[in-house]
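Undergrad: My questions all concern the structure below.
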Amino acid sequence: MIISVASGKGGTGKTLVATSLALSLKDREQVQLLDCDVEEPNDHIFLKPVITRSETVSIMVPRVDEDKCTYCGRCAEVCAYHAIAILAKTVLVFPHLCHGCGACSYICPEKAISEESRGIGVVELGNSDGIDFAQGRLNVSEPMPTPVIRKVKEKANRDCTVVIDVSPGTSCPVVESIRGSDFCLLVTEPTPFGLNDLILAVETVKELKVPCGVVINRAGAGNGEVEEYCLKENLPVLLTIPLDMEIARRYSRGITLVEGMPQWKESFLRLFESIQEIVSERSSSLKR
Amino acid sequence: MKEVVVLSGKGGTGKTSIVGSFAALAKSKVLVDCDVDAADLHLLLQPVMREKHDFWSGKVASINGEKCTRCGLCQEQCRFKAIVDFRVDPLSCEGCGFCYHICPVEAINMRENLSGQWFISDTRYGDLVHARLGIAQENSGKLVALVRQQARKIAEKQKADYIISDGPPGIGCPVISSLSGASLALLVTEPTLSGIHDLERVLGVCRHFGVQALVGINKFDINEENTHQIEGYCLSQGVPVVARIPFDNAVTEAMVRGLPVVEYTSNGVARQIKELWEWFLKLL
């Protein structure tokens with residue numbers, strides 16, 4: 001089963017939930033944690049995994065052989081991203097704009113374009129005290145996280161319980177991370193910002209046809225509108241974590257919730273059981 | 001005219017609360033929300049929409065089943081695995097048009113994609129340019145570039161002194177799009193190990209794009225040891241730390257009332273944000 005942990009709004013506690021869920025489960029079953037927040041991966045700070053392997057993530061960008069090029073401009077014409085341009089008798093390639101689709105090299109009538117790989121990030125694999133761990137890391141100044149996310153997700157082992165930590169927001173990196181999950185946990189806080197972004201996140205997971213449930217973090221901080229919304233939309237609130245300076249302080253030092261306060265382990269196990277129930281009910285109703 | 005962009009790397013460190021307060025403190029400015037896929041600034045500024053525009057961006061392939069001969073060339077060549085069983089999955093399609101160009105029977109069309117909307121609104125603090133990226137859409141970077149360009153136009157017309165921009169979390173495409181060419185970046189961090197890790201990365205992006213950065217430490221009293229560590233790191237990097245803002249539930253209380261925190265209280269946190277804005281006035 002794949003469970004993704006997303007939020008819309010940043011800083012609501014995705015990493016806190018993802019790491020504590022994985023830690024709570026690891027004695028019961030095989031667990032894998034994939035950190036797909038490749039722009040700012042943080043799970044490693046809490047789980048301190050031993051990284052045993054690192055793979056470069058590259059995309060294929062064009063390389064033009066100017067001896068063969070006739071400057072016909074066909075490549076620039078087909079490139080949807082303006083990553084290649086012809087100026088009189090020069091070809092300019094802008095690798096940062098290239099998505100690596102390969103259209104230019106295929107279409108070039110002179111076969112003057114070959115492709116070379118350009119590293120944009122890495123995937124690191126390892127183990128943290130029984131948890132199978134993988135994270136992506138986008139290189140600083142690179143704009144495109146999705147190829148790195150795709151590569152992290154290729155490491156998903158369907159035989160385990162896979163927990164995916166997702167980046168904030170609702171756009172392409174979030175979609176890429178959540179799609180294919182059996183369940184999505186949306187972590188929010190009971191504030192107007194938390195509610196606004198939760199609504200957007202719920203729309204996103206609905207679009208992806210992934211069932212979801214809510215975790216309310218820092219309960220007691222703001223108002224009751226998030227709970228009212230969940231009730232109205234029939235969204236199950238599966239876990240509530242109070243606003244507690246002790247939790248915040250431990251988090252600031254890189255200590256997970258279940259390690260700092262082991263009494264939370266039970267709550268995370270119950271959370272997992274609720275997810276299992278929802279997922280199995282859904283799959284049996286889909287069969288019917 | 002100077003453009004200040006507020007970024008953080010890590011989400012939820014307080015970017016929007018600070019920008020909301022800057023909106024109330026700055027005299028002559030245009031406001032812009034560059035967090036187009038989870039915009040929150042409007043919740044503090046209570047805008048009244050004046051203009052609404054569609055944002056068309058990128059294309060999506062679709063296959064005409066009547067013309068398609070099922071030769072399979074498109075499926076074989078698509079690097080994004082977006083074509084399965086001669087159907088395009090719009091969520092996977094990156095709009096490159098490779099399939100469209102190579103289809104031997106011209107069975108593939110590229111449709112324009114409505115990716116979101118952008119708005120110009122009146123607020124009691126001045127004009128706000130903001131946007132909403134469609135659910136599960138791409139091209140957030142382009143939408144960010146567009147709202148910034150519109151804000152610049154308005155600021156030039158009004159001869160405004162500042163553009164104040166609320167940036168997105170992360171370090172990827174919308175962040176780069178918010179940052180490039182700005183006068184100054186304020187990086188809001190928090191004294192957690194995650195906050196520090198993410199600050200280092202977003203600072204790297206500022207360097208790469210040649211934008212001067214300043215750091216503000218929010219909720220500094222949650223872990224003063226980490227606060228010292230951030231200050232030491234910033235000193236070693238030659239980046240000034242211009243604010244230490246305490247944790248204060250007044251920030252959330254103000255948010256619940258839909259107010260910038262400097263208009264809700266004048267104590268602790270509000271005083272620090274005022275001092276921070278005065279820093280900017282001196283620097284710009």
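The way I read the labels, and the way they are meant: chains A, B, ... in the order of the structure tokens, residue 1 as the first residue of every chain, and ligand 1 as the first ligand shown, with later ones counted on from there.
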With only C-alpha atoms as the counted atoms, please give the residues lying no more than 12 Å from Ser117 (chain A), apart from itself and same-chain residues fewer than 2 positions off, as an mmCIF file with C-alpha atoms, in the first residue's frame.

TA:
```cif
data_model
loop_
_atom_site.group_PDB
_atom_site.id
_atom_site.type_symbol
_atom_site.label_atom_id
_atom_site.label_comp_id
_atom_site.auth_asym_id
_atom_site.auth_seq_id
_atom_site.Cartn_x
_atom_site.Cartn_y
_atom_site.Cartn_z
ATOM 1 C CA THR A 56 22.276 10.914 -10.648
ATOM 2 C CA VAL A 57 19.009 12.057 -12.225
ATOM 3 C CA SER A 58 19.591 13.429 -15.677
ATOM 4 C CA ILE A 59 17.578 14.653 -18.576
ATOM 5 C CA MET A 60 18.710 14.359 -22.170
ATOM 6 C CA VAL A 61 19.463 17.730 -23.744
ATOM 7 C CA PRO A 62 20.418 18.426 -27.350
ATOM 8 C CA ARG A 63 23.956 18.835 -28.599
ATOM 9 C CA PRO A 95 19.633 23.550 -21.302
ATOM 10 C CA CYS A 98 14.833 21.858 -22.026
ATOM 11 C CA HIS A 99 12.387 19.195 -20.823
ATOM 12 C CA GLY A 100 14.290 16.438 -22.628
ATOM 13 C CA GLY A 102 13.793 14.496 -27.756
ATOM 14 C CA SER A 114 22.630 14.172 -30.655
ATOM 15 C CA GLU A 115 21.681 14.126 -26.995
ATOM 16 C CA GLY A 119 22.407 16.022 -14.224
ATOM 17 C CA ILE A 120 19.656 17.927 -12.431
ATOM 18 C CA GLY A 121 19.575 16.070 -9.122
#
```

Undergrad: Looking only at the backbone, which of the residues in region 136-168 of chain B does DSSP tag as alpha helix (DSSP H), as a count of residues only?

TA: 19

Undergrad: Find the residues of chain B in contact range of chain A, meaning any atom within 6 Å when counting only C-alpha atoms, and list them as a ChimeraX atom specification.

TA: /B:11-12,37-38,40,79,96,98,135-138,170-173,192-194,198,205,222

Undergrad: Within 7 Å of region 146-150 of chain B, counting only C-alpha atoms, which residues show up once you throw out same-chain ones fewer than 5 positions away? Write them as a ChimeraX atom specification, please.

TA: /B:32,129-130

Undergrad: Please provide as a PyMOL selection string all residues within 6 Å of Phe183 (chain A), with the sequence filter that same-chain residues fewer than 2 positions apart are discarded (counting only C-alpha atoms).

TA: chain A and resi 3+181+210-212

Undergrad: Would you save the residues of that selection, restricted to N, CA and C atoms, as a PDB file, in the first residue's frame?

TA:
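The resulting out21.pdb:
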```
ATOM      1  N   ILE A   3       0.971   5.232   0.820  1.00  0.00           N
ATOM      2  CA  ILE A   3       0.286   6.341   1.495  1.00  0.00           C
ATOM      3  C   ILE A   3       1.112   7.594   1.264  1.00  0.00           C
ATOM      4  N   SER A 181      -0.969   6.692  -5.568  1.00  0.00           N
ATOM      5  CA  SER A 181      -1.068   6.305  -4.159  1.00  0.00           C
ATOM      6  C   SER A 181      -2.415   5.639  -3.905  1.00  0.00           C
ATOM      7  N   VAL A 210      -7.677   9.769  -5.729  1.00  0.00           N
ATOM      8  CA  VAL A 210      -7.045   9.097  -4.598  1.00  0.00           C
ATOM      9  C   VAL A 210      -7.871   9.436  -3.352  1.00  0.00           C
ATOM     10  N   PRO A 211      -8.296   8.428  -2.558  1.00  0.00           N
ATOM     11  CA  PRO A 211      -9.062   8.737  -1.349  1.00  0.00           C
ATOM     12  C   PRO A 211      -8.174   9.448  -0.325  1.00  0.00           C
ATOM     13  N   CYS A 212      -8.792  10.304   0.487  1.00  0.00           N
ATOM     14  CA  CYS A 212      -7.951  11.047   1.430  1.00  0.00           C
ATOM     15  C   CYS A 212      -8.593  11.175   2.803  1.00  0.00           C
TER      16      CYS A 212
END
```

Undergrad: Which residues come within 8 Å of Pro49 (chain A), counting only C-alpha atoms, excluding same-chain residues fewer than 2 positions away, as an MDAnalysis selection string?

TA: chainID A and resid 44 47 51 126:129 133

Undergrad: Check region 43-229 of chain A with DSSP on the backbone and list each residue it calls strand (DSSP E or B), as number ranges by chain.

TA: A: 50-64, 84-87, 90-93, 113-128, 131-138, 161-165, 183-188, 212-219
